[in-house]
file upload-v7.tsv (TSV, N, CA, C and O atoms)
chain	number	residue	atom	x	y	z
H	1	MET	N	-33.74	153.81	83.61
H	1	MET	CA	-33.22	155.08	84.03
H	1	MET	C	-34.38	156.03	84.29
H	1	MET	O	-35.38	156.03	83.59
H	2	ARG	N	-34.22	156.82	85.34
H	2	ARG	CA	-35.23	157.83	85.70
H	2	ARG	C	-34.53	159.17	85.84
H	2	ARG	O	-33.50	159.29	86.49
H	3	VAL	N	-35.10	160.20	85.23
H	3	VAL	CA	-34.52	161.53	85.23
H	3	VAL	C	-35.40	162.46	86.06
H	3	VAL	O	-36.63	162.37	86.01
H	4	SER	N	-34.76	163.36	86.80
H	4	SER	CA	-35.52	164.37	87.52
H	4	SER	C	-34.74	165.69	87.48
H	4	SER	O	-33.55	165.72	87.20
H	5	ALA	N	-35.46	166.76	87.75
H	5	ALA	CA	-34.83	168.08	87.77
H	5	ALA	C	-35.53	168.93	88.83
H	5	ALA	O	-36.75	168.92	88.93
H	6	ASP	N	-34.74	169.63	89.58
H	6	ASP	CA	-35.26	170.50	90.62
H	6	ASP	C	-35.34	171.93	90.07
H	6	ASP	O	-34.33	172.63	89.97
H	7	ARG	N	-36.53	172.34	89.69
H	7	ARG	CA	-36.72	173.65	89.10
H	7	ARG	C	-36.48	174.78	90.09
H	7	ARG	O	-36.27	175.92	89.69
H	8	THR	N	-36.47	174.47	91.39
H	8	THR	CA	-36.22	175.53	92.37
H	8	THR	C	-34.75	175.93	92.43
H	8	THR	O	-34.44	177.01	92.93
H	9	VAL	N	-33.86	175.09	91.94
H	9	VAL	CA	-32.44	175.44	91.90
H	9	VAL	C	-31.93	175.67	90.48
H	9	VAL	O	-30.82	176.15	90.30
H	10	CYS	N	-32.73	175.37	89.49
H	10	CYS	CA	-32.35	175.57	88.09
H	10	CYS	C	-32.12	177.06	87.83
H	10	CYS	O	-32.89	177.91	88.27
H	11	ILE	N	-31.05	177.38	87.10
H	11	ILE	CA	-30.76	178.77	86.76
H	11	ILE	C	-31.03	179.07	85.28
H	11	ILE	O	-30.75	180.17	84.81
H	12	GLY	N	-31.52	178.08	84.54
H	12	GLY	CA	-31.88	178.29	83.15
H	12	GLY	C	-30.72	178.37	82.18
H	12	GLY	O	-30.83	178.99	81.13
H	13	ALA	N	-29.59	177.75	82.52
H	13	ALA	CA	-28.42	177.79	81.64
H	13	ALA	C	-28.69	177.07	80.32
H	13	ALA	O	-28.11	177.41	79.30
H	14	GLY	N	-29.53	176.04	80.34
H	14	GLY	CA	-29.90	175.33	79.12
H	14	GLY	C	-28.93	174.27	78.65
H	14	GLY	O	-29.10	173.70	77.58
H	15	LEU	N	-27.90	174.00	79.44
H	15	LEU	CA	-26.92	172.99	79.02
H	15	LEU	C	-27.53	171.60	78.90
H	15	LEU	O	-27.13	170.81	78.05
H	16	CYS	N	-28.51	171.31	79.75
H	16	CYS	CA	-29.16	170.00	79.68
H	16	CYS	C	-29.89	169.83	78.35
H	16	CYS	O	-29.80	168.79	77.70
H	17	ALA	N	-30.60	170.87	77.93
H	17	ALA	CA	-31.35	170.82	76.68
H	17	ALA	C	-30.41	170.74	75.48
H	17	ALA	O	-30.75	170.09	74.47
H	18	LEU	N	-29.27	171.36	75.57
H	18	LEU	CA	-28.29	171.28	74.48
H	18	LEU	C	-27.62	169.92	74.42
H	18	LEU	O	-27.31	169.42	73.35
H	19	THR	N	-27.40	169.32	75.59
H	19	THR	CA	-26.69	168.05	75.68
H	19	THR	C	-27.58	166.85	75.39
H	19	THR	O	-27.15	165.90	74.74
H	20	ALA	N	-28.80	166.88	75.87
H	20	ALA	CA	-29.74	165.76	75.69
H	20	ALA	C	-31.10	166.32	75.27
H	20	ALA	O	-32.06	166.32	76.05
H	21	PRO	N	-31.21	166.80	74.04
H	21	PRO	CA	-32.44	167.47	73.59
H	21	PRO	C	-33.68	166.59	73.49
H	21	PRO	O	-34.79	167.10	73.45
H	22	THR	N	-33.51	165.28	73.48
H	22	THR	CA	-34.68	164.41	73.45
H	22	THR	C	-35.24	164.18	74.85
H	22	THR	O	-36.35	163.68	74.99
H	23	VAL	N	-34.47	164.56	75.86
H	23	VAL	CA	-34.87	164.34	77.25
H	23	VAL	C	-35.24	165.65	77.95
H	23	VAL	O	-36.18	165.68	78.74
H	24	PHE	N	-34.52	166.73	77.64
H	24	PHE	CA	-34.71	168.01	78.32
H	24	PHE	C	-35.06	169.13	77.34
H	24	PHE	O	-34.67	169.09	76.17
H	25	ASP	N	-35.75	170.12	77.85
H	25	ASP	CA	-36.03	171.34	77.11
H	25	ASP	C	-36.06	172.47	78.13
H	25	ASP	O	-35.93	172.22	79.33
H	26	GLN	N	-36.24	173.69	77.66
H	26	GLN	CA	-36.41	174.82	78.55
H	26	GLN	C	-37.83	175.33	78.40
H	26	GLN	O	-38.35	175.43	77.29
H	27	ASP	N	-38.43	175.64	79.53
H	27	ASP	CA	-39.79	176.16	79.56
H	27	ASP	C	-39.83	177.50	78.83
H	27	ASP	O	-38.99	178.36	79.05
H	28	ASP	N	-40.80	177.66	77.94
H	28	ASP	CA	-40.94	178.90	77.18
H	28	ASP	C	-41.26	180.10	78.07
H	28	ASP	O	-40.94	181.23	77.71
H	29	ASN	N	-41.88	179.88	79.20
H	29	ASN	CA	-42.29	180.98	80.07
H	29	ASN	C	-41.17	181.51	80.96
H	29	ASN	O	-41.01	182.71	81.10
H	30	ASP	N	-40.42	180.59	81.59
H	30	ASP	CA	-39.41	181.04	82.55
H	30	ASP	C	-37.99	180.59	82.22
H	30	ASP	O	-37.05	180.95	82.92
H	31	GLY	N	-37.81	179.79	81.18
H	31	GLY	CA	-36.49	179.35	80.77
H	31	GLY	C	-35.89	178.24	81.62
H	31	GLY	O	-34.76	177.83	81.38
H	32	LEU	N	-36.64	177.75	82.58
H	32	LEU	CA	-36.13	176.69	83.44
H	32	LEU	C	-36.29	175.32	82.79
H	32	LEU	O	-37.05	175.15	81.85
H	33	VAL	N	-35.57	174.37	83.34
H	33	VAL	CA	-35.56	173.01	82.79
H	33	VAL	C	-36.97	172.42	82.74
H	33	VAL	O	-37.80	172.64	83.62
H	34	LYS	N	-37.20	171.68	81.67
H	34	LYS	CA	-38.45	170.93	81.50
H	34	LYS	C	-38.05	169.54	81.04
H	34	LYS	O	-37.27	169.39	80.10
H	35	ILE	N	-38.55	168.53	81.72
H	35	ILE	CA	-38.24	167.15	81.36
H	35	ILE	C	-39.26	166.68	80.34
H	35	ILE	O	-40.46	166.69	80.58
H	36	LEU	N	-38.76	166.26	79.19
H	36	LEU	CA	-39.62	165.75	78.14
H	36	LEU	C	-39.89	164.27	78.31
H	36	LEU	O	-40.97	163.79	77.97
H	37	THR	N	-38.91	163.54	78.81
H	37	THR	CA	-39.00	162.10	78.95
H	37	THR	C	-38.45	161.68	80.31
H	37	THR	O	-37.24	161.53	80.46
H	38	PRO	N	-39.30	161.50	81.33
H	38	PRO	CA	-38.80	161.16	82.67
H	38	PRO	C	-38.15	159.78	82.76
H	38	PRO	O	-37.32	159.54	83.64
H	39	THR	N	-38.52	158.88	81.86
H	39	THR	CA	-37.89	157.56	81.82
H	39	THR	C	-37.37	157.33	80.40
H	39	THR	O	-37.96	156.59	79.62
H	40	PRO	N	-36.25	157.98	80.06
H	40	PRO	CA	-35.74	157.89	78.69
H	40	PRO	C	-35.18	156.52	78.35
H	40	PRO	O	-34.86	155.72	79.24
H	41	ASP	N	-35.04	156.30	77.08
H	41	ASP	CA	-34.45	155.08	76.55
H	41	ASP	C	-33.02	154.95	77.09
H	41	ASP	O	-32.29	155.94	77.16
H	42	PRO	N	-32.61	153.76	77.47
H	42	PRO	CA	-31.26	153.57	78.02
H	42	PRO	C	-30.14	154.00	77.07
H	42	PRO	O	-29.04	154.31	77.53
H	43	THR	N	-30.42	154.08	75.79
H	43	THR	CA	-29.38	154.50	74.85
H	43	THR	C	-29.00	155.97	75.04
H	43	THR	O	-27.95	156.41	74.57
H	44	THR	N	-29.84	156.74	75.74
H	44	THR	CA	-29.54	158.14	75.99
H	44	THR	C	-28.74	158.35	77.27
H	44	THR	O	-28.42	159.48	77.62
H	45	ALA	N	-28.40	157.28	77.95
H	45	ALA	CA	-27.69	157.37	79.23
H	45	ALA	C	-26.43	158.24	79.17
H	45	ALA	O	-26.22	159.06	80.06
H	46	PRO	N	-25.58	158.10	78.15
H	46	PRO	CA	-24.38	158.96	78.13
H	46	PRO	C	-24.71	160.45	78.08
H	46	PRO	O	-24.08	161.25	78.78
H	47	GLU	N	-25.70	160.83	77.30
H	47	GLU	CA	-26.08	162.24	77.19
H	47	GLU	C	-26.71	162.73	78.49
H	47	GLU	O	-26.42	163.84	78.94
H	48	VAL	N	-27.56	161.92	79.09
H	48	VAL	CA	-28.21	162.30	80.35
H	48	VAL	C	-27.17	162.43	81.46
H	48	VAL	O	-27.20	163.38	82.24
H	49	ARG	N	-26.24	161.51	81.52
H	49	ARG	CA	-25.17	161.55	82.51
H	49	ARG	C	-24.35	162.84	82.34
H	49	ARG	O	-24.05	163.54	83.30
H	50	GLU	N	-24.02	163.17	81.10
H	50	GLU	CA	-23.26	164.39	80.84
H	50	GLU	C	-24.06	165.63	81.23
H	50	GLU	O	-23.53	166.57	81.83
H	51	ALA	N	-25.36	165.64	80.90
H	51	ALA	CA	-26.21	166.77	81.25
H	51	ALA	C	-26.23	166.98	82.76
H	51	ALA	O	-26.16	168.12	83.24
H	52	ALA	N	-26.31	165.91	83.52
H	52	ALA	CA	-26.30	166.02	84.99
H	52	ALA	C	-24.94	166.50	85.48
H	52	ALA	O	-24.87	167.34	86.39
H	53	ASP	N	-23.88	166.02	84.87
H	53	ASP	CA	-22.53	166.40	85.29
H	53	ASP	C	-22.23	167.88	85.03
H	53	ASP	O	-21.55	168.51	85.82
H	54	ILE	N	-22.73	168.42	83.92
H	54	ILE	CA	-22.38	169.79	83.56
H	54	ILE	C	-23.41	170.83	84.01
H	54	ILE	O	-23.19	172.02	83.83
H	55	CYS	N	-24.49	170.40	84.62
H	55	CYS	CA	-25.50	171.33	85.09
H	55	CYS	C	-24.87	172.23	86.16
H	55	CYS	O	-24.45	171.75	87.21
H	56	PRO	N	-24.78	173.54	85.91
H	56	PRO	CA	-24.09	174.41	86.85
H	56	PRO	C	-24.76	174.54	88.22
H	56	PRO	O	-24.08	174.82	89.21
H	57	SER	N	-26.05	174.30	88.28
H	57	SER	CA	-26.74	174.43	89.57
H	57	SER	C	-26.99	173.08	90.25
H	57	SER	O	-27.47	173.03	91.37
H	58	GLY	N	-26.71	171.99	89.55
H	58	GLY	CA	-26.96	170.67	90.11
H	58	GLY	C	-28.43	170.28	90.10
H	58	GLY	O	-28.85	169.39	90.84
H	59	ALA	N	-29.22	170.93	89.26
H	59	ALA	CA	-30.66	170.67	89.23
H	59	ALA	C	-31.02	169.34	88.59
H	59	ALA	O	-32.04	168.76	88.92
H	60	VAL	N	-30.18	168.85	87.69
H	60	VAL	CA	-30.50	167.62	86.95
H	60	VAL	C	-29.89	166.41	87.66
H	60	VAL	O	-28.70	166.41	87.98
H	61	THR	N	-30.72	165.41	87.90
H	61	THR	CA	-30.25	164.15	88.49
H	61	THR	C	-30.86	162.98	87.75
H	61	THR	O	-31.88	163.13	87.07
H	62	PHE	N	-30.25	161.84	87.87
H	62	PHE	CA	-30.79	160.63	87.27
H	62	PHE	C	-30.38	159.41	88.07
H	62	PHE	O	-29.40	159.46	88.82
H	63	THR	N	-31.16	158.37	87.95
H	63	THR	CA	-30.83	157.08	88.55
H	63	THR	C	-30.92	156.04	87.46
H	63	THR	O	-31.77	156.11	86.58
H	64	GLU	N	-30.01	155.09	87.52
H	64	GLU	CA	-30.00	154.04	86.49
H	64	GLU	C	-30.66	152.79	87.01
H	64	GLU	O	-30.85	152.59	88.15

call {"tool": "encode", "arguments": {"input": "upload-v7.tsv", "output": "structure tokens"}}
result
Amino acid sequence: MRVSADRTVCIGAGLCALTAPTVFDQDDNDGLVKILTPTPDPTTAPEVREAADICPSGAVTFTE
């Protein structure tokens, strides 16, 4: 699995970091998404999938 995030469309809602905290965080400077693990363990797939689904701006994407 590969995770990506488009910081140009991120609105800093933080739902990704709340949903998958081992994969996402928010940048301390601007509050936008920060990817902690671009190729996370497959066991995190449900959380990553949910984070992508609930991202209000569509900034979070992943491929399996």

call {"tool": "atom_distance", "arguments": {"input": "upload-v7.tsv", "atom1": "atom N of Thr44 of chain H", "atom2": "atom N of Gly58 of chain H"}}
result
20.8 Å

call {"tool": "atom_distance", "arguments": {"input": "upload-v7.tsv", "atom1": "atom CA of Gln26 of chain H", "atom2": "atom CA of Asp53 of chain H"}}
result
17.6 Å

call {"tool": "residues_around", "arguments": {"input": "upload-v7.tsv", "residues": "Arg2 of chain H", "least_positions_apart": "2", "cutoff": "4.5 Å", "atoms": "only N, CA, C and O atoms", "output": "list of chain:residue names"}}
result
H:Ser4, H:Pro38, H:Thr61, H:Phe62, H:Thr63

call {"tool": "select_by_dssp", "arguments": {"input": "upload-v7.tsv", "residues": "segment 3-57 of chain H", "states": "alpha helix (DSSP H)", "output": "list in words"}}
result
Leu15, Cys16, Ala17, Leu18, Thr19, Ala45, Pro46, Glu47, Val48, Arg49, Glu50, Ala51, Ala52, Asp53 and Ile54 of chain H

call {"tool": "select_by_dssp", "arguments": {"input": "upload-v7.tsv", "residues": "chain H", "states": "strand (DSSP E or B)", "output": "list in words"}}
result
Arg2, Val3, Ser4, Ala5, Phe24, Asp25, Gln26, Val33, Lys34, Ile35, Val60, Thr61, Phe62 and Thr63 of chain H

call {"tool": "closest_atom_pairs", "arguments": {"input": "upload-v7.tsv", "of": "segment 31-63 of chain H", "to": "segment 11-21 of chain H", "cutoff": "6 Å", "atoms": "only N, CA, C and O atoms", "output": "tab-separated table"}}
result
residue	atom	partner	partner_atom	distance
H:Gly31	O	H:Gly12	CA	3.4
H:Leu32	CA	H:Gly12	CA	4.6
H:Val33	N	H:Gly12	CA	5.4
H:Glu47	CA	H:Thr19	O	4.5
H:Val48	N	H:Ala20	CA	5.6
H:Ala51	CA	H:Cys16	CA	4.6
H:Ser57	CA	H:Ile11	N	5.8

call {"tool": "residues_near_point", "arguments": {"input": "upload-v7.tsv", "point": "(-41.0, 169.1, 80.2)", "cutoff": "7 Å", "atoms": "only N, CA, C and O atoms", "output": "PyMOL selection string"}}
result
chain H and resi 23-25+33-37

call {"tool": "atom_distance", "arguments": {"input": "upload-v7.tsv", "atom1": "atom O of Asp28 of chain H", "atom2": "atom N of Arg49 of chain H"}}
result
24.9 Å

call {"tool": "closest_residue", "arguments": {"input": "upload-v7.tsv", "among": "H:Cys10, H:Asn29, H:Asp41, H:Thr22", "to": "Cys55 of chain H", "atoms": "only C-alpha atoms"}}
result
H:Cys10

call {"tool": "build_atoms", "arguments": {"input": "upload-v7.tsv", "residues": "segment 47-58 of chain H", "atoms": "all heavy atoms", "output": "CSV table (one decimal), keeping the file's coordinate frame"}}
result
chain,number,residue,atom,x,y,z
H,47,GLU,N,-25.7,160.8,77.3
H,47,GLU,CA,-26.1,162.2,77.2
H,47,GLU,C,-26.7,162.7,78.5
H,47,GLU,O,-26.4,163.8,78.9
H,47,GLU,CB,-27.1,162.5,76.0
H,47,GLU,CG,-26.4,162.3,74.7
H,47,GLU,CD,-26.5,160.8,74.2
H,47,GLU,OE1,-27.1,160.0,74.9
H,47,GLU,OE2,-25.9,160.5,73.1
H,48,VAL,N,-27.6,161.9,79.1
H,48,VAL,CA,-28.2,162.3,80.4
H,48,VAL,C,-27.2,162.4,81.5
H,48,VAL,O,-27.2,163.4,82.2
H,48,VAL,CB,-29.3,161.3,80.7
H,48,VAL,CG1,-29.8,161.6,82.1
H,48,VAL,CG2,-30.4,161.3,79.7
H,49,ARG,N,-26.2,161.5,81.5
H,49,ARG,CA,-25.2,161.6,82.5
H,49,ARG,C,-24.4,162.8,82.3
H,49,ARG,O,-24.0,163.5,83.3
H,49,ARG,CB,-24.3,160.3,82.4
H,49,ARG,CG,-23.2,160.2,83.5
H,49,ARG,CD,-22.4,158.9,83.4
H,49,ARG,NE,-23.3,157.7,83.5
H,49,ARG,CZ,-23.6,156.9,82.5
H,49,ARG,NH1,-23.0,157.0,81.3
H,49,ARG,NH2,-24.3,155.8,82.7
H,50,GLU,N,-24.0,163.2,81.1
H,50,GLU,CA,-23.3,164.4,80.8
H,50,GLU,C,-24.1,165.6,81.2
H,50,GLU,O,-23.5,166.6,81.8
H,50,GLU,CB,-22.8,164.5,79.4
H,50,GLU,CG,-22.0,165.7,79.1
H,50,GLU,CD,-21.5,165.8,77.7
H,50,GLU,OE1,-21.8,164.9,76.9
H,50,GLU,OE2,-20.9,166.9,77.3
H,51,ALA,N,-25.4,165.6,80.9
H,51,ALA,CA,-26.2,166.8,81.2
H,51,ALA,C,-26.2,167.0,82.8
H,51,ALA,O,-26.2,168.1,83.2
H,51,ALA,CB,-27.6,166.6,80.7
H,52,ALA,N,-26.3,165.9,83.5
H,52,ALA,CA,-26.3,166.0,85.0
H,52,ALA,C,-24.9,166.5,85.5
H,52,ALA,O,-24.9,167.3,86.4
H,52,ALA,CB,-26.6,164.7,85.6
H,53,ASP,N,-23.9,166.0,84.9
H,53,ASP,CA,-22.5,166.4,85.3
H,53,ASP,C,-22.2,167.9,85.0
H,53,ASP,O,-21.6,168.5,85.8
H,53,ASP,CB,-21.5,165.5,84.6
H,53,ASP,CG,-21.4,164.1,85.1
H,53,ASP,OD1,-22.0,163.8,86.2
H,53,ASP,OD2,-20.8,163.3,84.4
H,54,ILE,N,-22.7,168.4,83.9
H,54,ILE,CA,-22.4,169.8,83.6
H,54,ILE,C,-23.4,170.8,84.0
H,54,ILE,O,-23.2,172.0,83.8
H,54,ILE,CB,-22.1,169.9,82.1
H,54,ILE,CG1,-23.4,169.7,81.2
H,54,ILE,CG2,-21.0,169.1,81.6
H,54,ILE,CD1,-23.2,170.0,79.8
H,55,CYS,N,-24.5,170.4,84.6
H,55,CYS,CA,-25.5,171.3,85.1
H,55,CYS,C,-24.9,172.2,86.2
H,55,CYS,O,-24.4,171.8,87.2
H,55,CYS,CB,-26.7,170.6,85.7
H,55,CYS,SG,-28.0,171.7,86.4
H,56,PRO,N,-24.8,173.5,85.9
H,56,PRO,CA,-24.1,174.4,86.8
H,56,PRO,C,-24.8,174.5,88.2
H,56,PRO,O,-24.1,174.8,89.2
H,56,PRO,CB,-24.1,175.8,86.1
H,56,PRO,CG,-25.1,175.7,85.1
H,56,PRO,CD,-25.3,174.3,84.7
H,57,SER,N,-26.0,174.3,88.3
H,57,SER,CA,-26.7,174.4,89.6
H,57,SER,C,-27.0,173.1,90.2
H,57,SER,O,-27.5,173.0,91.4
H,57,SER,CB,-28.1,175.1,89.4
H,57,SER,OG,-28.9,174.3,88.6
H,58,GLY,N,-26.7,172.0,89.6
H,58,GLY,CA,-27.0,170.7,90.1
H,58,GLY,C,-28.4,170.3,90.1
H,58,GLY,O,-28.8,169.4,90.8
